[in-house]
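Structure record follows, encoded as structure tokens.
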Amino acid sequence: MTHLVRRFSACVSILAMAATCTLISANFCKNAYAQEEAAPTFQDVASSIYGQDVGDDDSGVNYVFGLTARYTGPDKTLPGEGKFKNIFYYLPITAMYYNPDDYYVSTQAVEGEFKTDECVLCHTVQTPRIVVDWKASKHSKSGKTDAMEKEQVVGCDACHGKNHMELRMPSHNTCGECHKKEHGEHIAGGQGSHSPTHIWDVSVTEFAWQIGKPGEEVAGCAQCHGIAGNRCDGCHTRHQFKPSEARKPDTCGVCHMGVDHYEYEFWYNSYHGKIYMMEGDTWDWDKKMKPQNYRTPTCAYCHMGENGNHNVQNMSTEYAHMGMYQLNRGAPKHKAKRDAWVKKCQGCHSPRWAKLHLEAMDEQINISFTKWREAVNILVGLYLEGLLDPMPADLAPDWTGGHTMNLLPGGSPRFYNVSDIERMCVEMIVYQVTAVYKAAAHFSIDDVTYNRGAFPQDRKLIEIKSEASKLRRFATLEKEVGIEHKAYDFWKHGEYTDLLTGYKRKEGDYDESDPGAAGEHH
Amino acid sequence: MTHLVRRFSACVSILAMAATCTLISANFCKNAYAQEEAAPTFQDVASSIYGQDVGDDDSGVNYVFGLTARYTGPDKTLPGEGKFKNIFYYLPITAMYYNPDDYYVSTQAVEGEFKTDECVLCHTVQTPRIVVDWKASKHSKSGKTDAMEKEQVVGCDACHGKNHMELRMPSHNTCGECHKKEHGEHIAGGQGSHSPTHIWDVSVTEFAWQIGKPGEEVAGCAQCHGIAGNRCDGCHTRHQFKPSEARKPDTCGVCHMGVDHYEYEFWYNSYHGKIYMMEGDTWDWDKKMKPQNYRTPTCAYCHMGENGNHNVQNMSTEYAHMGMYQLNRGAPKHKAKRDAWVKKCQGCHSPRWAKLHLEAMDEQINISFTKWREAVNILVGLYLEGLLDPMPADLAPDWTGGHTMNLLPGGSPRFYNVSDIERMCVEMIVYQVTAVYKAAAHFSIDDVTYNRGAFPQDRKLIEIKSEASKLRRFATLEKEVGIEHKAYDFWKHGEYTDLLTGYKRKEGDYDESDPGAAGEHH
Amino acid sequence: MTHLVRRFSACVSILAMAATCTLISANFCKNAYAQEEAAPTFQDVASSIYGQDVGDDDSGVNYVFGLTARYTGPDKTLPGEGKFKNIFYYLPITAMYYNPDDYYVSTQAVEGEFKTDECVLCHTVQTPRIVVDWKASKHSKSGKTDAMEKEQVVGCDACHGKNHMELRMPSHNTCGECHKKEHGEHIAGGQGSHSPTHIWDVSVTEFAWQIGKPGEEVAGCAQCHGIAGNRCDGCHTRHQFKPSEARKPDTCGVCHMGVDHYEYEFWYNSYHGKIYMMEGDTWDWDKKMKPQNYRTPTCAYCHMGENGNHNVQNMSTEYAHMGMYQLNRGAPKHKAKRDAWVKKCQGCHSPRWAKLHLEAMDEQINISFTKWREAVNILVGLYLEGLLDPMPADLAPDWTGGHTMNLLPGGSPRFYNVSDIERMCVEMIVYQVTAVYKAAAHFSIDDVTYNRGAFPQDRKLIEIKSEASKLRRFATLEKEVGIEHKAYDFWKHGEYTDLLTGYKRKEGDYDESDPGAAGEHH
């Protein structure tokens with residue numbers, strides 16, 4: 001600690017000098033001033049002040065606050081898919097395990113063909129728990145599905161193959177060989193479903209967030225989407241694969257949580273969730289999801305129903321892009337779906353009760369969109385007058401390779417590489433407008449109004465107006481004084497910003513004829 | 001996706017044109033410029049750019065990002081209560097089920113009078129789970145309370161009536177017919193209690209948040225307050241009505257959670273909560289809340305005590321408006337309450353331990369208020385110099401029909417329709433000052449200091465100073481240059497803002513002679 | 001309510017007058033204007049407007065919004081430790097119970113020497129639950145550890161002593177008398193461990209956050225650190241002291257939660273956590289932490305291992321200051337630790353799977369630091385040009401007694417008493433960069449990318465650039481117009497700010513020769 005304090009004082013004097021030292025100052029402020037040729041990098045200057053050598057960030061050195069490390073990027077990446085494969089890549093883990101059909105290759109560590117007994121013998125030592133889990137599963141007992149001819153044990157080879165040099169990593173297709181009904185429903189899909197076509201091909205390989213950012217930053221996107229679309233063990237965790245597990249809300253919570261999904265938290269904040277917390281451990285989860293068996297509905301209860309329909313979109317509302325599109329689900333044209341929901345609630349609630357609650361949801365959504373339009377009106381006004389700071393043209397090129405405003409109607413809300421006020425608007429539509437919908441739909445009465453919905457949206461509207469006011473006041477002042485404000489260069493360049501894929505985009509990189517464009521799974 | 005990308009490019013060119021097109025530009029920027037008569041609405045312009053027709057938001061159309069939808073408002077509303085009934089309304093669900101004594105009317109769907117056996121027969125099909133739950137409840141077994149003359153089964157008709165055309169929705173009064181002690185305590189109440197007089201009449205029908213906003217936005221407020229005040233099944237969920245459930249903290253968590261309540265989360269973050277998480281499922285929750293029976297205290301343990309006193313205010317601290325009023329609970333004048341708390345802790349802890357922890361709470365609260373006063377000093381300075389942007393007069397009229405600053409001493413902290421810096425100050429007092437108190441009182445040692453209390457309050461103080469500095473710098477510059485800044489019109493008007501009830505307020509709307517003013521339940 | 005509304009209107013008129021009243025205005029705005037001698041305090045003015053008397057905050061009065069209360073400070077404090085003891089103090093609770101070896105003194109309430117039977121007799125009434133718990137513990141049964149000569153019951157006196165006038169509060173040293181292996185591991189420690197030397201002496205007695213702030217504000221810091229370092233009942237709660245409890249993640253969650261620790265939440269958001277939620281209550285927690293016994297790893301499973309190594313640092317990664325230092329844990333020089341982790345995952349996962357996931361973590365961290373350096377570059381540029389508002393010299397003196405920028409290389413990130421943009425940068429490194437690391441390390445796939453990691457860091461980078469742009473635009477305008485901006489006085493002074501310990505720091509207060517400086521436990 002003494003050491004730290006001493007070092008601290010040393011820094012103060014060095015930096016005091018630095019303030020008057022043109023070379024170092026110019027370098028630290030390379031965004032504000034013209035740069036000399038071969039000027040020292042940020043890392044060089046940090047090094048001169050901090051006394052730690054500049055080095056590569058994969059060296060294993062402990063860089064205090066990381067200021068003298070130099071970015072190296074991943075050693076190994078795998079090519080992307082679909083139309084954008086030339087500008088977007090995967091980390092190996094993302095592709096290999098989350099889209100195994102297309103990317104998995106066996107490790108080739110062991111030669112030979114093996115039977116389940118032999119697998120078990122060796123893996124009891126190698127990876128003991130999966131053996132314990134498999135033994136506890138129905139797979140280890142003799143049984144059959146409709147797709148099987150006779151009763152059998154489903155051993156290791158059934159899913160992974162016998163030849164250890166050519167092991168398979170199972171996908172939904174593997175499970176589908178025996179579980180035809182469930183697999184058929186899973187791939188039937190539709191917008192907003194877990195079908196691989198929608199949730200992987202469309203959402204991952206062609207979605208702007210993925211494409212616009214370096215692959216290591218969006219591994220998490222691909223992992224959730226891969227689990228939901230390409231695998232079955234996201235909901236039935238290996239190697240027990242229990243239906244009882246998939247009936248519990250927690251299995252859904254790995255993905256359906258956090259700032260814009262929040263279904264998990266909202267349900268937990270409702271009476272339904274609270275009752276589950278208090279007594280769910282005493283219920284028999286092997287039973288069908290009927291009101292007689294469960295005191296409160298869970299995710300699967302409502303979205304899959306008694307017979308476990310694996311097309312979750314089927315039991316969901318009309319597609320509304322996570323609630324970011326405005327849609328009155330109670331309108332006569334959607335009567336069939338509304339009636340189905342009301343009926344679902346009738347496990348416990350009167351039709352009127354359910355109907356009125358859902359109508360309240362409709363109104364809560366509608367008024368939320370008035371706030372959103374009020375915000376967009378302000379934003380677009382600034383854009384048309386050229387008052388955004390920065391304007392799109394002052395930013396790093398976006399994933400289209402150009403400079404489009406992220407919130408242009410029809411555009412894709414982008415969270416990065418935008419001006420502050422655009423980001424505020426993105427948060428309003430992606431986090432808050434959707435929260436109103438999802439909290440209402442999952443009966444979190446506090447969230448819909450106070451904790452995550454209407455009141456936080458009020459806050460964001462104030463924030464947006466406050467920023468708009470500042471942007472206009474600056475512009476008015478600058479005009480009066482005769483200053484022509486140009487967006488600072490740090491909006492366009494920076495160690496991270498220079499890594500965005502928009503910079504890599506070249507003519508022809510975008511392949512419109514690629515089959516991925518049609519959303520076909522391959 | 002191809003489609004989306006194409007549409008995207010189309011938008012870019014259209015908007016590029018738009019930038020030079022006076023008509024469209026003027027419309028988008030109607031806040032910045034004078035408006036022509038019958039100028040196109042925001043929706044019209046969005047429609048021309050986006051290619052989706054303008055339509056009513058209750059039509060069932062899927063409006064992409066909701067930009068071309070037109071707000072219709074709820075079809076049906078119910079009149080408000082109390083002094084503000086002329087400007088505030090309820091959604092049907094809010095009133096009918098959360099204040100049933102005043103609003104519930106039977107659906108009149110079925111004719112006839114029925115006995116419990118008959119109800120059960122039909123509702124085993126209609127709403128099967130409530131039958132299962134009732135059968136699992138004590139109500140379905142013969143028994144009696146002190147208020148009953150003989151042992152009896154409490155069947156459906158006891159609470160709902162026999163005549164299906166005139167069914168009742170039970171309120172606390174219904175339960176109170178048999179459970180006199182509990183009901184008596186419930187309605188005895190006092191400020192900060194669950195008594196309907198306080199938590200419904202005062203907090204809902206006369207509270208500024210409710211009154212100042214459209215009814216569909218504050219349904220959640222009324223729902224929590226209605227559950228706590230007007231019904232008993234908020235804590236003892238229907239149709240089991242178990243005391244054991246109300247002893248668990250989760251039943252309280254539906255309402256006592258989120259940004260300003262947080263008691264639930266703070267308790268869960270304490271050792272008390274963690275021990276409950278780890279072993280609470282093994283405790284016998286039918287037992288009285290004594291230290292011999294429970295390893296850690298829960299909400300009910302401390303706030304209701306061994307005999308389940310249903311006046312929760314009785315076992316709470318002095319009333320301090322959720323912790324927003326400053327109050328030293330350890331002062332000699334509050335000795336009786338402090339001694340009671342210390343005694344409560346003696347299930348496990350020495351009196352000194354408890355006393356010192358509570359004294360630490362007192363100090364943590366006191367210092368938190370110094371930060372708050374530092375912030376208010378800055379805010380009021382800006383107000384008196386006319387530097388708020390906007391000043392109250394530049395905003396939509398507030399719930400009083402006038403333009404009062406929301407943080408004037410004696411005022412009601414308003415989260416919406418205020419300037420940015422006022423909202424920051426509201427967040428400090430409502431979220432952070434209260435968090436210090438509640439985290440300390442529920443022993444979340446991380447929250448009180450780091451996660452939700454002192455450190456986030458430091459952040460807010462910086463934010464407030466930073467905003468104050470900007471407002472002053474703008475003013476100084478504008479004065480020097482000779483610009484008279486007027487708050488932009490978007491503070492006063494907008495699709496949402498124009499819906500605030502302040503605009504509806506007319507002379508005479510506010511009925512000071514209304515009995516509700518006295519907080520009397522009706 | 002009527003009352004409140006009336007009072008409201010009254011305030012409006014008074015404040016309207018106030019706006020033109022020099023005396024009051026000058027007082028409210030004492031930061032902006034020169035102050036008269038003996039000018040009324042903020043409290044006096046609030047009092048004149050609000051009609052509530054000014055009084056001391058420990059009086060027990062209910063101060064509405066706390067505006068007329070006067071800060072008194074704690075009655076009693078205990079001196080700090082180590083080099084900074086002259087400027088930093090503890091609240092009694094903090095010191096006495098969280099560092100009992102140095103501070104605990106018996107209450108001396110009862111005279112006499114007692115045997116366990118006698119203790120139990122009396123405490124069954126005094127503090128009944130601890131008797132129940134002790135009776136349920138192994139301590140109440142005859143048994144022995146390696147350090148004991150014969151089987152024995154561990155009664156009250158074994159830990160607390162017999163003489164009630166000189167009772168002891170046990171520390172880790174007390175437990176260590178019998179549990180030598182565990183205690184030896186506990187104190188062996190190293191940076192980032194639970195050893196009292198590191199986690200108490202270094203982190204609490206010499207850490208800037210503690211030292212720079214009043215003791216009542218950082219009690220929570222000392223409590224977590226004291227529990228982890230100085231006591232054993234933080235993980236094995238008294239008086240059961242169950243190993244089974246310490247194996248569950250929840251016991252760790254009291255401290256390892258919230259904005260910068262988050263290990264608890266991230267693990268809970270992973271499949272590991274979800275599976276624990278769904279079935280952990282059916283596992284036998286008395287068993288060793290081997291894959292055969294537990295379906296998923298918990299904190300203790302990975303960080304303590306099968307034999308419960310109590311030096312948690314041993315089973316952690318290389319020290320990287322909570323992830324705030326950049327470190328490639330997969331580099332050849334850290335091969336032994338990486339291999340140990342991969343082996344740990346082999347309870348269920350193939351070595352390749354584990355390796356690729358950990359390599360993805362490495363890359364996610366590295367790219368996160370590019371964003372951080374981009375931000376620091378902007379910040380330091382502003383600092384060197386004197387554009388921070390305020391500059392360090394315009395702030396209250398910091399804990400060093402001087403005015404150092406909190407983010408100078410080598411400095412200690414300070415959350416308070418800094419400019420807005422410095423605070424933003426602190427949040428980026430302390431909350432977001434660490435979140436990327438911790439979410440990846442605990443396999444929360446949503447958090448690492450979307451919920452808490454990369455995307456929130458994008459938001460912060462935009463916020464930082466937006467603030468930097470404003471600071472530069474102001475400076476450019478002011479220069480053009482000829483205004484010399486001076487930071488407003490509210491950055492330097494205020495009711496809270498004046499309490500910061502930097503103001504108390506005098507020459508000689510900082511004792512560099514103190515043994516605490518060497519991190520030696522005393």
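Chain labels follow the order of the structure tokens: the first chain is A, the next B, and so on; residue numbering restarts at 1 in every chain, and ligands are counted from 1 in their shown order.
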Write out as a PyMOL selection string each polymer residue whose atoms come within 10 Å of Ile211 (chain C), counting only C-alpha atoms; drop sequence neighbours fewer than 3 positions from it.
chain C and resi 80+84-89+204-208+214-215+218+398-400+500-502
For the selection you just gave me, I'd like the residues written to a file as an mmCIF file, in the first residue's frame, keeping N, CA and C atoms.
```cif
data_model
loop_
_atom_site.group_PDB
_atom_site.id
_atom_site.type_symbol
_atom_site.label_atom_id
_atom_site.label_comp_id
_atom_site.auth_asym_id
_atom_site.auth_seq_id
_atom_site.Cartn_x
_atom_site.Cartn_y
_atom_site.Cartn_z
ATOM 1 N N GLY C 80 -9.561 4.235 14.215
ATOM 2 C CA GLY C 80 -9.196 3.337 13.125
ATOM 3 C C GLY C 80 -7.928 2.564 13.426
ATOM 4 N N PHE C 84 -3.669 4.997 8.852
ATOM 5 C CA PHE C 84 -4.630 6.091 8.672
ATOM 6 C C PHE C 84 -5.515 6.296 9.901
ATOM 7 N N LYS C 85 -5.060 5.744 11.021
ATOM 8 C CA LYS C 85 -5.921 5.748 12.199
ATOM 9 C C LYS C 85 -6.291 7.145 12.667
ATOM 10 N N ASN C 86 -5.489 8.119 12.305
ATOM 11 C CA ASN C 86 -5.796 9.485 12.755
ATOM 12 C C ASN C 86 -6.883 10.169 11.930
ATOM 13 N N ILE C 87 -7.184 9.616 10.783
ATOM 14 C CA ILE C 87 -8.237 10.277 9.997
ATOM 15 C C ILE C 87 -9.448 9.382 9.739
ATOM 16 N N PHE C 88 -9.337 8.119 10.100
ATOM 17 C CA PHE C 88 -10.448 7.220 9.841
ATOM 18 C C PHE C 88 -10.914 6.534 11.129
ATOM 19 N N TYR C 89 -12.227 6.472 11.302
ATOM 20 C CA TYR C 89 -12.763 5.858 12.520
ATOM 21 C C TYR C 89 -13.793 4.786 12.177
ATOM 22 N N VAL C 204 -9.365 -3.080 4.227
ATOM 23 C CA VAL C 204 -10.207 -2.197 5.033
ATOM 24 C C VAL C 204 -9.395 -1.069 5.673
ATOM 25 N N THR C 205 -8.338 -1.421 6.373
ATOM 26 C CA THR C 205 -7.688 -0.350 7.137
ATOM 27 C C THR C 205 -6.875 0.575 6.249
ATOM 28 N N GLU C 206 -6.545 0.125 5.039
ATOM 29 C CA GLU C 206 -5.709 0.989 4.205
ATOM 30 C C GLU C 206 -6.321 1.308 2.858
ATOM 31 N N PHE C 207 -7.575 1.049 2.715
ATOM 32 C CA PHE C 207 -8.147 1.257 1.399
ATOM 33 C C PHE C 207 -8.800 2.622 1.273
ATOM 34 N N ALA C 208 -8.570 3.230 0.142
ATOM 35 C CA ALA C 208 -8.991 4.614 -0.066
ATOM 36 C C ALA C 208 -10.475 4.848 0.176
ATOM 37 N N PRO C 214 -16.493 9.177 5.683
ATOM 38 C CA PRO C 214 -16.827 9.026 7.102
ATOM 39 C C PRO C 214 -17.127 7.565 7.447
ATOM 40 N N GLY C 215 -16.748 7.178 8.646
ATOM 41 C CA GLY C 215 -16.884 5.780 9.057
ATOM 42 C C GLY C 215 -18.285 5.219 8.956
ATOM 43 N N VAL C 218 -19.134 3.638 5.524
ATOM 44 C CA VAL C 218 -18.430 2.476 4.992
ATOM 45 C C VAL C 218 -18.473 1.291 5.948
ATOM 46 N N ASP C 398 -8.748 15.002 -1.545
ATOM 47 C CA ASP C 398 -9.026 13.556 -1.494
ATOM 48 C C ASP C 398 -8.331 12.918 -0.299
ATOM 49 N N TRP C 399 -8.367 11.624 -0.209
ATOM 50 C CA TRP C 399 -7.848 10.940 0.983
ATOM 51 C C TRP C 399 -6.348 11.159 1.165
ATOM 52 N N THR C 400 -5.646 11.493 0.076
ATOM 53 C CA THR C 400 -4.221 11.772 0.242
ATOM 54 C C THR C 400 -4.024 13.160 0.837
ATOM 55 N N LEU C 500 -15.940 14.856 4.222
ATOM 56 C CA LEU C 500 -14.949 13.908 3.696
ATOM 57 C C LEU C 500 -13.640 14.029 4.460
ATOM 58 N N THR C 501 -12.993 12.912 4.638
ATOM 59 C CA THR C 501 -11.825 12.920 5.537
ATOM 60 C C THR C 501 -10.646 13.695 4.968
ATOM 61 N N GLY C 502 -10.627 13.906 3.664
ATOM 62 C CA GLY C 502 -9.536 14.694 3.091
ATOM 63 C C GLY C 502 -9.379 16.041 3.771
#
```
As an MDAnalysis selection string, please: every residue in region 37-119 of chain B that DSSP puts in helix (DSSP H, G or I).
chainID B and resid 42:50 64:66 82:84 92:98 100:103 116:119
With N, CA, C and O atoms retained, export the selected residues as a CSV table (one decimal), in the first residue's frame.
```csv
chain,number,residue,atom,x,y,z
B,42,PHE,N,-47.5,13.4,-36.8
B,42,PHE,CA,-46.3,12.5,-36.8
B,42,PHE,C,-46.6,11.2,-37.5
B,42,PHE,O,-45.8,10.7,-38.3
B,43,GLN,N,-47.7,10.6,-37.2
B,43,GLN,CA,-48.1,9.4,-37.8
B,43,GLN,C,-48.2,9.5,-39.3
B,43,GLN,O,-47.7,8.6,-40.0
B,44,ASP,N,-48.7,10.6,-39.8
B,44,ASP,CA,-48.8,10.7,-41.3
B,44,ASP,C,-47.4,10.7,-41.9
B,44,ASP,O,-47.2,10.1,-42.9
B,45,VAL,N,-46.5,11.4,-41.3
B,45,VAL,CA,-45.1,11.5,-41.9
B,45,VAL,C,-44.5,10.1,-41.8
B,45,VAL,O,-43.9,9.6,-42.7
B,46,ALA,N,-44.6,9.5,-40.6
B,46,ALA,CA,-44.0,8.2,-40.4
B,46,ALA,C,-44.6,7.3,-41.5
B,46,ALA,O,-43.8,6.5,-42.1
B,47,SER,N,-45.8,7.4,-41.7
B,47,SER,CA,-46.5,6.6,-42.7
B,47,SER,C,-45.9,6.8,-44.1
B,47,SER,O,-45.7,5.9,-44.9
B,48,SER,N,-45.7,8.1,-44.5
B,48,SER,CA,-45.2,8.4,-45.8
B,48,SER,C,-43.8,7.8,-46.0
B,48,SER,O,-43.4,7.4,-47.1
B,49,ILE,N,-43.0,7.8,-45.0
B,49,ILE,CA,-41.7,7.3,-45.1
B,49,ILE,C,-41.7,5.8,-45.0
B,49,ILE,O,-41.0,5.1,-45.7
B,50,TYR,N,-42.5,5.3,-44.2
B,50,TYR,CA,-42.4,3.9,-43.8
B,50,TYR,C,-43.2,2.9,-44.6
B,50,TYR,O,-43.0,1.7,-44.7
B,64,VAL,N,-45.1,-1.8,-37.1
B,64,VAL,CA,-43.7,-2.0,-36.8
B,64,VAL,C,-43.2,-0.7,-36.1
B,64,VAL,O,-43.3,0.4,-36.5
B,65,PHE,N,-42.7,-1.0,-34.9
B,65,PHE,CA,-42.2,0.0,-33.9
B,65,PHE,C,-43.3,1.0,-33.5
B,65,PHE,O,-43.0,2.0,-32.9
B,66,GLY,N,-44.5,0.7,-33.9
B,66,GLY,CA,-45.7,1.5,-33.5
B,66,GLY,C,-45.7,2.9,-33.9
B,66,GLY,O,-46.5,3.8,-33.4
B,82,GLY,N,-63.2,9.8,-4.4
B,82,GLY,CA,-62.7,10.9,-3.5
B,82,GLY,C,-62.7,12.2,-4.2
B,82,GLY,O,-63.5,12.4,-5.2
B,83,LYS,N,-61.9,13.1,-3.8
B,83,LYS,CA,-61.9,14.4,-4.2
B,83,LYS,C,-61.6,14.6,-5.7
B,83,LYS,O,-61.9,15.6,-6.3
B,84,PHE,N,-60.8,13.7,-6.2
B,84,PHE,CA,-60.3,13.8,-7.6
B,84,PHE,C,-61.1,13.0,-8.6
B,84,PHE,O,-60.6,12.8,-9.7
B,92,PRO,N,-61.4,-0.9,-15.7
B,92,PRO,CA,-62.3,-1.8,-15.0
B,92,PRO,C,-61.7,-2.8,-14.1
B,92,PRO,O,-62.1,-3.0,-12.9
B,93,ILE,N,-60.5,-3.4,-14.5
B,93,ILE,CA,-59.9,-4.5,-13.6
B,93,ILE,C,-59.5,-3.9,-12.3
B,93,ILE,O,-59.6,-4.5,-11.3
B,94,THR,N,-59.0,-2.7,-12.4
B,94,THR,CA,-58.4,-2.1,-11.2
B,94,THR,C,-59.5,-1.9,-10.1
B,94,THR,O,-59.3,-2.2,-8.9
B,95,ALA,N,-60.6,-1.3,-10.5
B,95,ALA,CA,-61.6,-1.0,-9.6
B,95,ALA,C,-62.3,-2.3,-9.1
B,95,ALA,O,-62.5,-2.6,-7.9
B,96,MET,N,-62.8,-3.0,-10.1
B,96,MET,CA,-63.7,-4.1,-9.8
B,96,MET,C,-63.1,-5.2,-8.9
B,96,MET,O,-63.8,-5.7,-8.0
B,97,TYR,N,-61.8,-5.5,-9.1
B,97,TYR,CA,-61.2,-6.6,-8.3
B,97,TYR,C,-60.3,-6.1,-7.2
B,97,TYR,O,-60.0,-6.9,-6.3
B,98,TYR,N,-59.9,-4.9,-7.3
B,98,TYR,CA,-59.0,-4.4,-6.2
B,98,TYR,C,-59.7,-3.5,-5.2
B,98,TYR,O,-59.1,-3.2,-4.2
B,100,PRO,N,-63.4,-4.3,-4.5
B,100,PRO,CA,-64.6,-5.0,-4.8
B,100,PRO,C,-65.8,-4.4,-4.0
B,100,PRO,O,-66.9,-4.4,-4.6
B,101,ASP,N,-65.6,-4.0,-2.8
B,101,ASP,CA,-66.8,-3.5,-2.0
B,101,ASP,C,-67.5,-2.3,-2.8
B,101,ASP,O,-68.7,-2.2,-2.7
B,102,ASP,N,-66.7,-1.5,-3.4
B,102,ASP,CA,-67.3,-0.4,-4.1
B,102,ASP,C,-67.7,-0.6,-5.6
B,102,ASP,O,-68.5,0.1,-6.1
B,103,TYR,N,-67.0,-1.5,-6.2
B,103,TYR,CA,-67.1,-1.6,-7.6
B,103,TYR,C,-67.6,-3.0,-8.2
B,103,TYR,O,-68.0,-3.0,-9.4
B,116,THR,N,-72.8,-25.3,-1.9
B,116,THR,CA,-71.4,-25.6,-2.2
B,116,THR,C,-71.2,-26.8,-3.0
B,116,THR,O,-70.4,-26.8,-4.0
B,117,ASP,N,-71.9,-27.9,-2.7
B,117,ASP,CA,-71.7,-29.1,-3.5
B,117,ASP,C,-72.0,-28.9,-5.0
B,117,ASP,O,-71.3,-29.4,-5.9
B,118,GLU,N,-73.0,-28.1,-5.2
B,118,GLU,CA,-73.3,-27.8,-6.6
B,118,GLU,C,-72.3,-26.9,-7.3
B,118,GLU,O,-71.9,-27.1,-8.4
B,119,CYS,N,-71.8,-25.9,-6.5
B,119,CYS,CA,-70.8,-25.0,-7.0
B,119,CYS,C,-69.6,-25.9,-7.4
B,119,CYS,O,-69.0,-25.7,-8.5
```
The distance between CA of Ala487 (chain B) and CA of Glu422 (chain A) is 21.3 Å
Region 226-229 of chain B: which residues within 7 Å, counting only C-alpha atoms, same-chain residues fewer than 5 positions away excluded, as a list of chain:residue names?
B:Tyr98, B:Asn99, B:His194, B:Ser195, B:Pro196, B:Ile199, B:Trp200, B:Gly234
I need the chosen residues saved as a PDB file, in the first residue's frame, with C-alpha atoms.
```pdb
ATOM      1  CA  TYR B  98     -59.016  -4.415  -6.246  1.00  0.00           C
ATOM      2  CA  ASN B  99     -61.777  -2.455  -4.557  1.00  0.00           C
ATOM      3  CA  HIS B 194     -52.276  -1.963   5.428  1.00  0.00           C
ATOM      4  CA  SER B 195     -55.563  -0.522   6.651  1.00  0.00           C
ATOM      5  CA  PRO B 196     -57.840   0.291   3.739  1.00  0.00           C
ATOM      6  CA  ILE B 199     -53.362   2.331   1.879  1.00  0.00           C
ATOM      7  CA  TRP B 200     -56.328   2.711  -0.463  1.00  0.00           C
ATOM      8  CA  GLY B 234     -52.883 -10.829  -1.207  1.00  0.00           C
TER       9      GLY B 234
END
```
Have a look at B:Asn307, B:Asn293, B:Gln432, B:Ser59 and name the one nearest to chain C; count only C-alpha atoms.
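For chain C, the nearest of the candidates is B:Asn293.
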